[in-house]
$ cat my_file36.txt   # compact mmCIF, C-alpha atoms
# COMPACT_ATOMS: atom_id res chain seq x y z
CA MET Z 1 167.70 90.35 17.78
CA THR Z 2 170.26 92.87 19.00
CA VAL Z 3 173.38 91.93 20.91
CA TRP Z 4 171.94 93.37 24.10
CA SER Z 5 168.55 91.67 23.83
CA ALA Z 6 170.33 88.39 23.19
CA ALA Z 7 172.57 89.09 26.17
CA ALA Z 8 169.53 89.74 28.34
CA GLY Z 9 168.12 86.41 27.29
CA VAL Z 10 171.37 84.68 28.13
CA MET Z 11 171.52 86.31 31.56
CA SER Z 12 167.91 85.34 32.30
CA ALA Z 13 168.67 81.76 31.36
CA VAL Z 14 171.73 81.76 33.57
CA LEU Z 15 169.80 83.11 36.56
CA LEU Z 16 167.05 80.54 36.09
CA ALA Z 17 169.65 77.79 35.86
CA ALA Z 18 171.07 78.96 39.17
CA ALA Z 19 167.68 78.73 40.88
CA PRO Z 20 166.90 75.12 41.82
CA GLY Z 21 163.25 74.64 42.73
CA ALA Z 22 162.05 77.86 41.04
CA ARG Z 23 158.88 77.61 38.97
CA PRO Z 24 156.22 79.91 37.50
CA THR Z 25 153.52 81.05 39.90
CA GLN Z 26 149.96 79.77 39.71
CA ASP Z 27 147.18 81.84 38.18
CA GLU Z 28 145.99 83.15 41.56
CA ALA Z 29 149.48 84.06 42.74
CA PRO Z 30 150.65 87.66 42.90
CA GLN Z 31 152.77 88.57 39.91
CA ARG Z 32 156.21 90.08 39.91
CA PHE Z 33 156.17 93.72 38.82
CA THR Z 34 158.52 96.54 37.96
CA ILE Z 35 158.45 99.91 39.74
CA GLU Z 36 158.15 102.31 36.81
CA ASP Z 37 158.37 105.67 38.62
CA GLU Z 38 161.61 107.41 37.61
CA ARG Z 39 161.73 109.10 41.03
CA ILE Z 40 162.04 105.75 42.82
CA THR Z 41 165.63 104.68 42.31
CA GLU Z 42 166.47 103.39 45.80
CA SER Z 43 163.35 101.56 46.97
CA SER Z 44 164.36 100.65 50.49
CA GLY Z 45 161.10 99.53 52.12
CA LEU Z 46 157.90 97.78 51.06
CA ALA Z 47 154.45 97.42 52.63
CA ALA Z 48 151.40 95.72 51.09
CA SER Z 49 148.16 97.65 51.49
CA THR Z 50 145.08 95.86 52.82
CA ARG Z 51 142.78 98.81 52.15
CA HIS Z 52 143.81 99.05 48.49
CA PRO Z 53 144.37 95.55 47.05
CA GLY Z 54 147.36 95.26 44.75
CA VAL Z 55 148.97 98.47 46.04
CA TYR Z 56 152.41 98.54 47.66
CA TRP Z 57 153.88 101.47 49.56
CA THR Z 58 157.57 102.23 49.18
CA HIS Z 59 160.09 105.04 49.62
CA ASN Z 60 163.62 105.96 48.63
CA ASP Z 61 166.71 105.74 50.79
CA SER Z 62 168.42 108.89 52.08
CA GLY Z 63 168.59 112.14 50.15
CA TYR Z 64 165.33 111.99 48.18
CA GLY Z 65 162.90 114.01 50.28
CA PRO Z 66 160.00 113.11 52.60
CA TYR Z 67 157.91 111.10 50.14
CA LEU Z 68 155.96 107.85 50.30
CA TYR Z 69 154.80 106.26 47.05
CA ALA Z 70 151.81 103.99 46.47
CA VAL Z 71 152.62 101.69 43.54
CA ASP Z 72 149.97 99.70 41.66
CA ALA Z 73 151.34 96.20 41.05
CA ALA Z 74 149.15 95.77 37.97
CA THR Z 75 150.95 98.57 36.11
CA GLY Z 76 154.03 99.33 38.19
CA ARG Z 77 152.98 102.98 38.23
CA THR Z 78 152.67 105.32 41.20
CA VAL Z 79 149.02 106.09 42.00
CA ALA Z 80 149.61 108.39 45.01
CA THR Z 81 152.47 110.31 46.60
CA LEU Z 82 152.36 111.36 50.25
CA THR Z 83 154.60 114.23 51.35
CA LEU Z 84 155.47 114.05 55.05
CA GLN Z 85 155.47 117.66 56.21
CA GLY Z 86 158.33 118.48 58.60
CA ALA Z 87 159.98 115.06 58.28
CA GLU Z 88 163.75 115.19 57.85
CA MET Z 89 163.95 111.67 56.34
CA ARG Z 90 167.67 111.44 57.02
CA ASP Z 91 168.17 107.74 56.21
CA VAL Z 92 164.81 106.06 55.68
CA GLU Z 93 165.09 102.28 55.53
CA ALA Z 94 161.76 100.60 56.33
CA ILE Z 95 157.99 100.85 56.20
CA HIS Z 96 155.36 98.61 57.85
CA PHE Z 97 151.64 98.69 58.53
CA GLY Z 98 150.35 98.69 62.09
CA PRO Z 99 147.05 97.21 63.30
CA ASP Z 100 145.62 100.73 63.31
CA GLY Z 101 145.90 100.86 59.51
CA ALA Z 102 148.68 103.43 59.69
CA LEU Z 103 152.04 103.35 57.97
CA TYR Z 104 155.08 103.34 60.25
CA VAL Z 105 158.18 104.69 58.51
CA GLY Z 106 161.62 103.96 59.95
CA ASP Z 107 164.20 106.73 59.61
CA ILE Z 108 166.57 104.32 61.35
CA GLY Z 109 169.56 103.96 59.05
CA ASP Z 110 173.00 105.07 60.25
CA ASN Z 111 175.77 104.83 57.68
CA PHE Z 112 178.22 105.89 60.40
CA ASP Z 113 177.29 102.72 62.36
CA GLY Z 114 176.37 104.47 65.57
CA GLY Z 115 177.07 108.07 64.72
CA TRP Z 116 173.60 109.37 65.62
CA ASP Z 117 172.28 109.37 69.17
CA GLU Z 118 168.66 109.35 68.02
CA VAL Z 119 166.67 108.06 65.07
CA TRP Z 120 162.99 108.55 64.22
CA ILE Z 121 159.83 106.70 63.37
CA TYR Z 122 157.04 108.50 61.49
CA ARG Z 123 153.42 107.40 61.59
CA VAL Z 124 150.80 108.40 59.00
CA PRO Z 125 147.31 106.92 58.44
CA GLU Z 126 146.90 105.29 55.06
CA PRO Z 127 144.53 107.47 53.01
CA GLU Z 128 141.08 106.12 52.16
CA VAL Z 129 141.40 107.57 48.67
CA LEU Z 130 144.64 107.25 46.74
CA ALA Z 131 145.69 110.74 45.68
CA ASP Z 132 148.69 113.02 46.12
CA ALA Z 133 148.57 114.74 49.51
CA THR Z 134 150.67 116.47 52.15
CA VAL Z 135 150.28 115.02 55.65
CA VAL Z 136 151.65 115.84 59.10
CA PRO Z 137 153.05 112.63 60.66
CA ASP Z 138 153.35 111.65 64.29
CA VAL Z 139 157.05 111.63 65.18
CA TYR Z 140 158.62 109.19 67.63
CA ARG Z 141 162.18 109.75 68.83
CA VAL Z 142 164.09 106.49 69.29
CA ARG Z 143 167.17 105.40 71.22
CA TYR Z 144 168.56 101.93 71.94
CA ASP Z 145 169.27 100.71 75.45
CA ASP Z 146 172.82 99.65 74.47
CA GLY Z 147 173.81 102.65 72.39
CA PRO Z 148 173.45 103.89 68.78
CA ARG Z 149 173.60 101.48 65.87
CA ASP Z 150 172.70 101.02 62.23
CA ALA Z 151 169.35 99.42 61.35
CA GLU Z 152 167.23 98.83 58.26
CA SER Z 153 164.35 96.68 59.54
CA LEU Z 154 161.25 97.97 61.32
CA MET Z 155 158.27 95.74 62.10
CA VAL Z 156 154.91 96.42 63.80
CA HIS Z 157 153.11 93.44 65.33
CA PRO Z 158 149.61 93.19 63.79
CA GLN Z 159 147.89 92.30 67.09
CA THR Z 160 149.75 94.16 69.84
CA GLY Z 161 150.88 97.15 67.78
CA ARG Z 162 154.31 96.93 69.40
CA VAL Z 163 157.15 98.21 67.22
CA TYR Z 164 160.38 96.26 66.73
CA ILE Z 165 163.67 97.19 65.07
CA ALA Z 166 166.36 94.77 63.88
CA SER Z 167 169.87 96.18 63.75
CA LYS Z 168 172.28 95.43 60.92
CA LYS Z 169 175.19 93.15 61.70
CA ARG Z 170 178.58 94.80 61.33
CA LYS Z 171 181.29 94.34 63.96
CA GLU Z 172 178.91 92.40 66.20
CA PRO Z 173 175.82 90.24 65.62
CA GLY Z 174 172.63 91.99 64.67
CA ALA Z 175 169.87 92.14 67.25
CA LEU Z 176 166.13 92.50 67.66
CA TYR Z 177 164.94 95.47 69.74
CA ALA Z 178 161.48 95.93 71.23
CA GLY Z 179 159.96 99.36 71.68
CA PRO Z 180 157.69 100.42 74.55
CA GLU Z 181 154.19 98.94 74.52
CA THR Z 182 152.95 102.38 73.46
CA LEU Z 183 155.15 104.86 71.64
CA SER Z 184 155.33 108.42 72.94
CA THR Z 185 155.40 111.56 70.81
CA THR Z 186 156.69 113.66 73.74
CA GLU Z 187 159.36 111.46 75.34
CA VAL Z 188 162.29 109.52 73.90
CA ASN Z 189 161.32 105.91 73.22
CA THR Z 190 163.97 103.45 74.41
CA PHE Z 191 164.12 100.19 72.47
CA GLU Z 192 165.42 97.22 74.46
CA ARG Z 193 167.59 94.47 73.03
CA VAL Z 194 165.60 91.22 73.26
CA ALA Z 195 167.49 88.77 71.00
CA ASP Z 196 170.72 88.41 69.03
CA ILE Z 197 170.30 87.49 65.37
CA ASP Z 198 173.44 86.66 63.41
CA LEU Z 199 172.26 87.96 60.06
CA TRP Z 200 173.02 91.07 57.98
CA MET Z 201 169.40 92.25 58.05
CA THR Z 202 168.06 94.68 55.44
CA ASP Z 203 164.32 94.30 56.17
CA GLY Z 204 161.73 92.31 58.05
CA ALA Z 205 157.98 91.75 58.23
CA PHE Z 206 155.35 90.17 60.46
CA SER Z 207 152.79 87.85 58.92
CA PRO Z 208 149.23 89.23 58.97
CA ASP Z 209 148.25 86.90 61.82
CA GLY Z 210 151.37 87.77 63.83
CA THR Z 211 152.67 84.18 64.12
CA ARG Z 212 155.67 84.53 61.80
CA LEU Z 213 158.54 87.00 61.58
CA ALA Z 214 160.50 87.04 58.32
CA LEU Z 215 163.92 88.68 58.12
CA ARG Z 216 165.99 89.17 55.00
CA GLY Z 217 169.53 90.10 54.06
CA TYR Z 218 171.02 90.78 50.66
CA PHE Z 219 171.38 87.08 49.81
CA THR Z 220 169.59 85.15 52.56
CA ALA Z 221 166.29 85.11 54.43
CA ARG Z 222 164.96 83.42 57.56
CA MET Z 223 161.56 82.69 59.04
CA TYR Z 224 160.91 82.62 62.79
CA GLU Z 225 157.97 81.56 64.88
CA TRP Z 226 156.43 84.37 66.92
CA THR Z 227 154.76 83.53 70.21
CA GLU Z 228 153.08 85.42 73.03
CA GLU Z 229 156.53 85.64 74.64
CA GLY Z 230 158.09 87.10 71.48
CA LEU Z 231 160.70 85.69 69.12
CA GLY Z 232 160.47 81.91 68.88
CA ASP Z 233 162.51 79.27 67.07
CA GLN Z 234 163.92 79.69 63.60
CA ILE Z 235 161.93 77.47 61.25
CA ASN Z 236 164.25 74.84 59.85
CA ARG Z 237 162.97 75.03 56.30
CA GLN Z 238 164.71 76.70 53.41
CA LEU Z 239 163.29 80.08 52.49
CA LEU Z 240 163.97 81.17 48.93
CA ILE Z 241 165.17 84.65 48.16
CA PRO Z 242 165.39 86.19 44.66
CA ALA Z 243 168.71 87.08 43.08
CA GLN Z 244 168.45 90.89 43.15
CA PRO Z 245 170.96 93.70 42.56
CA GLN Z 246 170.56 95.07 46.11
CA GLY Z 247 167.83 93.32 48.06
CA GLU Z 248 166.52 95.88 50.55
CA SER Z 249 162.83 95.25 51.17
CA MET Z 250 160.23 92.64 52.06
CA THR Z 251 156.53 92.39 52.90
CA PHE Z 252 153.91 89.68 53.33
CA THR Z 253 150.95 89.74 50.97
CA PRO Z 254 147.70 90.51 52.83
CA ASP Z 255 146.66 86.83 52.76
CA GLY Z 256 149.99 85.75 54.30
CA ARG Z 257 150.73 83.17 51.60
CA TYR Z 258 153.57 85.01 49.88
CA LEU Z 259 156.54 87.19 50.62
CA MET Z 260 157.21 90.02 48.20
CA TYR Z 261 160.89 90.96 47.83
CA GLY Z 262 162.08 94.34 46.53
CA SER Z 263 165.41 95.83 45.51
CA GLU Z 264 167.05 99.18 45.03
CA GLY Z 265 167.84 100.46 41.52
CA GLU Z 266 166.06 102.09 38.61
CA ARG Z 267 162.98 100.15 37.47
CA SER Z 268 163.58 97.63 40.22
CA GLU Z 269 161.49 94.48 40.35
CA VAL Z 270 159.32 93.17 43.17
CA VAL Z 271 159.30 89.37 43.20
CA PRO Z 272 156.83 87.02 44.97
CA VAL Z 273 157.89 83.92 46.88
CA GLU Z 274 155.21 81.39 47.80
CA LEU Z 275 155.34 79.94 51.32
CA LYS Z 276 154.81 76.24 52.07
CA GLY Z 277 154.58 73.99 55.09
CA GLU Z 278 155.89 75.40 58.35
CA LEU Z 279 156.83 78.64 56.65
CA LEU Z 280 153.14 79.49 56.40
CA PRO Z 281 151.55 81.53 59.19
CA GLU Z 282 149.73 79.39 61.75
CA SER Z 283 146.30 80.61 60.61
CA LEU Z 284 146.95 79.09 57.15
CA ARG Z 285 148.48 75.79 58.19
CA GLU Z 286 145.25 73.94 59.04
CA GLY Z 287 144.92 71.12 56.56
CA GLU Z 288 148.39 71.70 55.12
CA PRO Z 289 150.52 68.53 54.74
CA GLU Z 290 153.45 68.39 57.11
CA GLY Z 291 155.75 67.22 54.31
CA ASP Z 292 159.07 65.44 54.63
CA GLY Z 293 161.20 68.30 55.87
CA GLU Z 294 162.01 69.55 52.38
CA ASP Z 295 159.32 72.22 52.06
CA VAL Z 296 160.66 75.47 50.70
CA GLY Z 297 159.23 78.76 49.64
CA GLU Z 298 158.78 78.91 45.88
CA ALA Z 299 159.50 81.94 43.70
CA ASP Z 300 158.47 82.67 40.13
CA SER Z 301 162.06 83.03 38.93
CA GLY Z 302 165.57 83.95 39.89
CA ALA Z 303 165.36 82.64 43.44
CA VAL Z 304 167.98 80.62 45.26
CA PRO Z 305 167.59 78.63 48.51
CA PRO Z 306 170.11 79.74 51.13
CA ALA Z 307 172.07 77.27 53.20
CA GLN Z 308 170.71 76.79 56.71
CA GLY Z 309 172.62 78.60 59.43
CA ASN Z 310 173.42 77.65 63.00
CA ASP Z 311 171.23 78.32 66.00
CA PRO Z 312 170.77 82.11 66.09
CA ALA Z 313 170.60 81.99 69.88
CA ASP Z 314 174.20 80.73 70.02
CA PRO Z 315 176.44 83.79 70.53
CA ASP Z 316 179.24 82.01 68.68
CA ALA Z 317 177.05 81.06 65.72
CA GLN Z 318 178.51 81.85 62.33
CA GLY Z 319 175.48 80.75 60.31
CA GLY Z 320 174.58 84.22 59.04
CA ALA Z 321 178.08 84.93 57.76
CA GLU Z 322 178.30 81.49 56.15
CA GLU Z 323 174.91 81.94 54.47
CA ASP Z 324 175.84 85.34 53.07
CA SER Z 325 179.24 84.08 51.89
CA ALA Z 326 177.85 80.99 50.19
CA ALA Z 327 175.04 82.89 48.49
CA PHE Z 328 177.42 85.65 47.40
CA THR Z 329 179.76 83.05 45.90
CA ARG Z 330 176.85 81.53 43.96
CA LEU Z 331 175.82 84.95 42.71
CA LEU Z 332 179.34 85.81 41.57
CA ALA Z 333 179.65 82.48 39.77
CA THR Z 334 176.31 83.08 38.06
CA PHE Z 335 177.26 86.52 36.77
CA ALA Z 336 180.73 85.31 35.77
CA LEU Z 337 179.18 82.58 33.64
CA GLY Z 338 176.73 85.05 32.17
CA THR Z 339 179.54 87.47 31.30
CA VAL Z 340 181.50 84.73 29.52
CA LEU Z 341 178.45 83.77 27.47
CA VAL Z 342 177.69 87.40 26.58
CA VAL Z 343 181.27 88.03 25.43
CA ALA Z 344 181.20 84.86 23.35
CA LEU Z 345 177.91 85.91 21.77
CA ARG Z 346 179.25 89.37 20.92
CA ARG Z 347 182.34 87.88 19.28
CA LEU Z 348 180.20 85.49 17.26
CA LEU Z 349 177.95 88.29 16.00
CA PHE Z 350 180.94 90.52 15.24
CA SER Z 351 182.59 87.73 13.21
CA ARG Z 352 179.38 87.21 11.21
CA ARG Z 353 179.12 90.93 10.47
CA ARG Z 354 182.70 90.99 9.19
CA ARG Z 355 182.03 88.01 6.89
CA ASP Z 356 178.77 89.51 5.62
CA GLY Z 357 180.52 92.87 5.02

$ encode --input "my_file36.txt" --output "structure tokens"
Amino acid sequence: MTVWSAAAGVMSAVLLAAAPGARPTQDEAPQRFTIEDERITESSGLAASTRHPGVYWTHNDSGYGPYLYAVDAATGRTVATLTLQGAEMRDVEAIHFGPDGALYVGDIGDNFDGGWDEVWIYRVPEPEVLADATVVPDVYRVRYDDGPRDAESLMVHPQTGRVYIASKKRKEPGALYAGPETLSTTEVNTFERVADIDLWMTDGAFSPDGTRLALRGYFTARMYEWTEEGLGDQINRQLLIPAQPQGESMTFTPDGRYLMYGSEGERSEVVPVELKGELLPESLREGEPEGDGEDVGEADSGAVPPAQGNDPADPDAQGGAEEDSAAFTRLLATFALGTVLVVALRRLLFSRRRRDG
């Protein structure tokens, strides 16, 4: 065993120790996988295909060209690349399926936090056959009713087809914006602020039946009820989130029983989290035990339950900041402990080599 393989084992043990409630998935559960494509180094969005089981669509962040990648979870390899002809892809942050079977791609990031008057959404039908192709997308120009802002989360409701964007919290709380009932390719589409959400949001997803909205940050995640009137109550159950280098993406599995979490980085991993109790979409809750209030999502490894925040409807709520801070502190402590153990291991091996020499 080399120093570095031993170190990797130590770090894995440390991460597992920091993940109360984590357990291996069942045989029928989706497996975690690694994105093997060397071109995908900043996977910033994730969408599970229903047409092609086991395939997940992703894309890079800004500066990598107008490409969408279909990744086979069984191998981690790219099985199709779509080139979006004419798309600028300035700061692409999200991807989501609509009820029409098309992929909606959100070029909605703004590293200048409000420096761009307009952002874009691209729409392309998912191909029936997975193969490399060049496609011409529909382009929707987007503005917000209260001015420009940074965003990384785009969601399309699976029944109504309405598009939503969640802005990223910086100087003020993040917010959920609703687009027009039907997007226009000829006019600017104004998205209206419909709810404040005090969370640093990096992605979101609707459940397949449209009754749940999941939102994630780097270290925390929340589940909300979704009703005919729109955003409902936050579900007061802990939702696990994996410990990832830079957690940027999320999607429901097609059956709605799991969330898949992705991260930026070379050979980044996509990790499943099983949903339980009230976290499950309504269509799956029939016959499910109500539990004792302690139901949590369960991940295969490296997941930590975030602390519960305050009421997101309260404009003075600090829950999102407290969640991020607490989770970040846990993550720092975990890596600090791992570093100490790795250094100690290296010194031990070095001392043995000197004695043997």

$ closest_residue --input "my_file36.txt" --among "Z:Thr220, Z:Ala195, Z:Ser44, Z:Val273" --to "Z:Asp233" --atoms "only C-alpha atoms"
Z:Ala195

$ residues_around --input "my_file36.txt" --residues "Z:Pro125" --least-positions-apart "6" --cutoff "9 Å" --atoms "only C-alpha atoms" --output "number ranges by chain"
Z: 100-104, 137

$ atom_distance --input "my_file36.txt" --atom1 "atom CA of Z:Gln159" --atom2 "atom CA of Z:Thr251"
16.6 Å

$ atom_distance --input "my_file36.txt" --atom1 "atom CA of Z:Leu176" --atom2 "atom CA of Z:Arg193"
5.9 Å

$ closest_residue --input "my_file36.txt" --among "Z:Val92, Z:Tyr164, Z:Glu152, Z:Asn111" --to "Z:Gly230" --atoms "all atoms listed in the file"
Z:Tyr164

$ axis_aligned_box --input "my_file36.txt" --around "stretch 158-173 of chain Z" --padding-each-side "8 Å" --output "JSON"
{"center_x": 164.6, "center_y": 94.2, "center_z": 65.4, "size_x": 49.4, "size_y": 24.0, "size_z": 24.9}

$ atom_distance --input "my_file36.txt" --atom1 "atom CA of Z:Asp150" --atom2 "atom CA of Z:Glu88"
17.3 Å

$ residues_around --input "my_file36.txt" --residues "stretch 202-214 of chain Z" --least-positions-apart "5" --cutoff "8 Å" --atoms "all atoms listed in the file" --output "number ranges by chain"
Z: 45, 94, 96, 151-159, 166, 168, 221-227, 231, 247-252, 254-256, 279-283

$ closest_residue --input "my_file36.txt" --among "Z:Arg143, Z:Arg149, Z:Arg32, Z:Arg170" --to "Z:Val188" --atoms "only C-alpha atoms"
Z:Arg143

$ build_atoms --input "my_file36.txt" --residues "stretch 260-270 of chain Z" --atoms "all heavy atoms" --output "PDB file, in the frame of the given file"
ATOM      1  N   MET Z 260     156.829  89.217  49.355  1.00  0.00           N
ATOM      2  CA  MET Z 260     157.210  90.020  48.200  1.00  0.00           C
ATOM      3  C   MET Z 260     158.566  90.665  48.509  1.00  0.00           C
ATOM      4  O   MET Z 260     158.727  91.341  49.531  1.00  0.00           O
ATOM      5  CB  MET Z 260     156.164  91.098  47.923  1.00  0.00           C
ATOM      6  CG  MET Z 260     154.760  90.572  47.709  1.00  0.00           C
ATOM      7  SD  MET Z 260     154.562  89.570  46.197  1.00  0.00           S
ATOM      8  CE  MET Z 260     154.643  90.859  44.934  1.00  0.00           C
ATOM      9  N   TYR Z 261     159.539  90.452  47.629  1.00  0.00           N
ATOM     10  CA  TYR Z 261     160.890  90.960  47.830  1.00  0.00           C
ATOM     11  C   TYR Z 261     161.183  92.096  46.852  1.00  0.00           C
ATOM     12  O   TYR Z 261     160.943  91.968  45.646  1.00  0.00           O
ATOM     13  CB  TYR Z 261     161.924  89.858  47.586  1.00  0.00           C
ATOM     14  CG  TYR Z 261     161.949  88.756  48.613  1.00  0.00           C
ATOM     15  CD1 TYR Z 261     161.195  87.595  48.443  1.00  0.00           C
ATOM     16  CD2 TYR Z 261     162.760  88.847  49.744  1.00  0.00           C
ATOM     17  CE1 TYR Z 261     161.240  86.563  49.375  1.00  0.00           C
ATOM     18  CE2 TYR Z 261     162.812  87.824  50.676  1.00  0.00           C
ATOM     19  CZ  TYR Z 261     162.052  86.682  50.483  1.00  0.00           C
ATOM     20  OH  TYR Z 261     162.111  85.670  51.400  1.00  0.00           O
ATOM     21  N   GLY Z 262     161.733  93.200  47.363  1.00  0.00           N
ATOM     22  CA  GLY Z 262     162.080  94.340  46.530  1.00  0.00           C
ATOM     23  C   GLY Z 262     163.567  94.632  46.566  1.00  0.00           C
ATOM     24  O   GLY Z 262     164.315  94.118  47.400  1.00  0.00           O
ATOM     25  N   SER Z 263     163.994  95.499  45.649  1.00  0.00           N
ATOM     26  CA  SER Z 263     165.410  95.830  45.510  1.00  0.00           C
ATOM     27  C   SER Z 263     165.572  97.298  45.174  1.00  0.00           C
ATOM     28  O   SER Z 263     164.653  97.938  44.650  1.00  0.00           O
ATOM     29  CB  SER Z 263     166.047  94.972  44.406  1.00  0.00           C
ATOM     30  OG  SER Z 263     167.382  95.358  44.155  1.00  0.00           O
ATOM     31  N   GLU Z 264     166.722  97.840  45.479  1.00  0.00           N
ATOM     32  CA  GLU Z 264     167.050  99.180  45.030  1.00  0.00           C
ATOM     33  C   GLU Z 264     167.412  99.147  43.538  1.00  0.00           C
ATOM     34  O   GLU Z 264     167.628  98.082  42.963  1.00  0.00           O
ATOM     35  CB  GLU Z 264     168.209  99.763  45.837  1.00  0.00           C
ATOM     36  CG  GLU Z 264     167.838 100.103  47.265  1.00  0.00           C
ATOM     37  CD  GLU Z 264     168.899 100.940  47.970  1.00  0.00           C
ATOM     38  OE1 GLU Z 264     169.948 101.213  47.353  1.00  0.00           O
ATOM     39  OE2 GLU Z 264     168.674 101.322  49.121  1.00  0.00           O
ATOM     40  N   GLY Z 265     167.472 100.353  42.930  1.00  0.00           N
ATOM     41  CA  GLY Z 265     167.840 100.460  41.520  1.00  0.00           C
ATOM     42  C   GLY Z 265     166.716 101.044  40.690  1.00  0.00           C
ATOM     43  O   GLY Z 265     165.542 101.024  41.083  1.00  0.00           O
ATOM     44  N   GLU Z 266     167.066 101.572  39.531  1.00  0.00           N
ATOM     45  CA  GLU Z 266     166.060 102.090  38.610  1.00  0.00           C
ATOM     46  C   GLU Z 266     165.241 100.948  38.040  1.00  0.00           C
ATOM     47  O   GLU Z 266     165.757  99.900  37.693  1.00  0.00           O
ATOM     48  CB  GLU Z 266     166.741 102.871  37.480  1.00  0.00           C
ATOM     49  CG  GLU Z 266     167.484 104.115  37.948  1.00  0.00           C
ATOM     50  CD  GLU Z 266     168.135 104.854  36.804  1.00  0.00           C
ATOM     51  OE1 GLU Z 266     168.023 104.382  35.646  1.00  0.00           O
ATOM     52  OE2 GLU Z 266     168.751 105.900  37.051  1.00  0.00           O
ATOM     53  N   ARG Z 267     163.922 101.154  37.961  1.00  0.00           N
ATOM     54  CA  ARG Z 267     162.980 100.150  37.470  1.00  0.00           C
ATOM     55  C   ARG Z 267     163.227  98.806  38.154  1.00  0.00           C
ATOM     56  O   ARG Z 267     163.304  97.756  37.514  1.00  0.00           O
ATOM     57  CB  ARG Z 267     163.065 100.006  35.954  1.00  0.00           C
ATOM     58  CG  ARG Z 267     162.747 101.268  35.174  1.00  0.00           C
ATOM     59  CD  ARG Z 267     162.569 101.002  33.680  1.00  0.00           C
ATOM     60  NE  ARG Z 267     161.284 100.359  33.405  1.00  0.00           N
ATOM     61  CZ  ARG Z 267     161.149  99.105  32.994  1.00  0.00           C
ATOM     62  NH1 ARG Z 267     162.204  98.329  32.854  1.00  0.00           N
ATOM     63  NH2 ARG Z 267     159.951  98.606  32.745  1.00  0.00           N
ATOM     64  N   SER Z 268     163.331  98.848  39.455  1.00  0.00           N
ATOM     65  CA  SER Z 268     163.580  97.630  40.220  1.00  0.00           C
ATOM     66  C   SER Z 268     162.341  96.740  40.227  1.00  0.00           C
ATOM     67  O   SER Z 268     161.211  97.215  40.128  1.00  0.00           O
ATOM     68  CB  SER Z 268     164.014  97.966  41.641  1.00  0.00           C
ATOM     69  OG  SER Z 268     162.998  98.691  42.311  1.00  0.00           O
ATOM     70  N   GLU Z 269     162.574  95.441  40.353  1.00  0.00           N
ATOM     71  CA  GLU Z 269     161.490  94.480  40.350  1.00  0.00           C
ATOM     72  C   GLU Z 269     161.105  94.064  41.774  1.00  0.00           C
ATOM     73  O   GLU Z 269     161.960  93.997  42.660  1.00  0.00           O
ATOM     74  CB  GLU Z 269     161.872  93.234  39.559  1.00  0.00           C
ATOM     75  CG  GLU Z 269     161.824  93.415  38.061  1.00  0.00           C
ATOM     76  CD  GLU Z 269     161.909  92.083  37.336  1.00  0.00           C
ATOM     77  OE1 GLU Z 269     162.748  91.256  37.720  1.00  0.00           O
ATOM     78  OE2 GLU Z 269     161.118  91.877  36.383  1.00  0.00           O
ATOM     79  N   VAL Z 270     159.828  93.764  41.943  1.00  0.00           N
ATOM     80  CA  VAL Z 270     159.320  93.170  43.170  1.00  0.00           C
ATOM     81  C   VAL Z 270     158.891  91.752  42.826  1.00  0.00           C
ATOM     82  O   VAL Z 270     158.103  91.536  41.902  1.00  0.00           O
ATOM     83  CB  VAL Z 270     158.140  93.984  43.737  1.00  0.00           C
ATOM     84  CG1 VAL Z 270     157.566  93.304  44.971  1.00  0.00           C
ATOM     85  CG2 VAL Z 270     158.589  95.404  44.063  1.00  0.00           C
TER      86      VAL Z 270
END
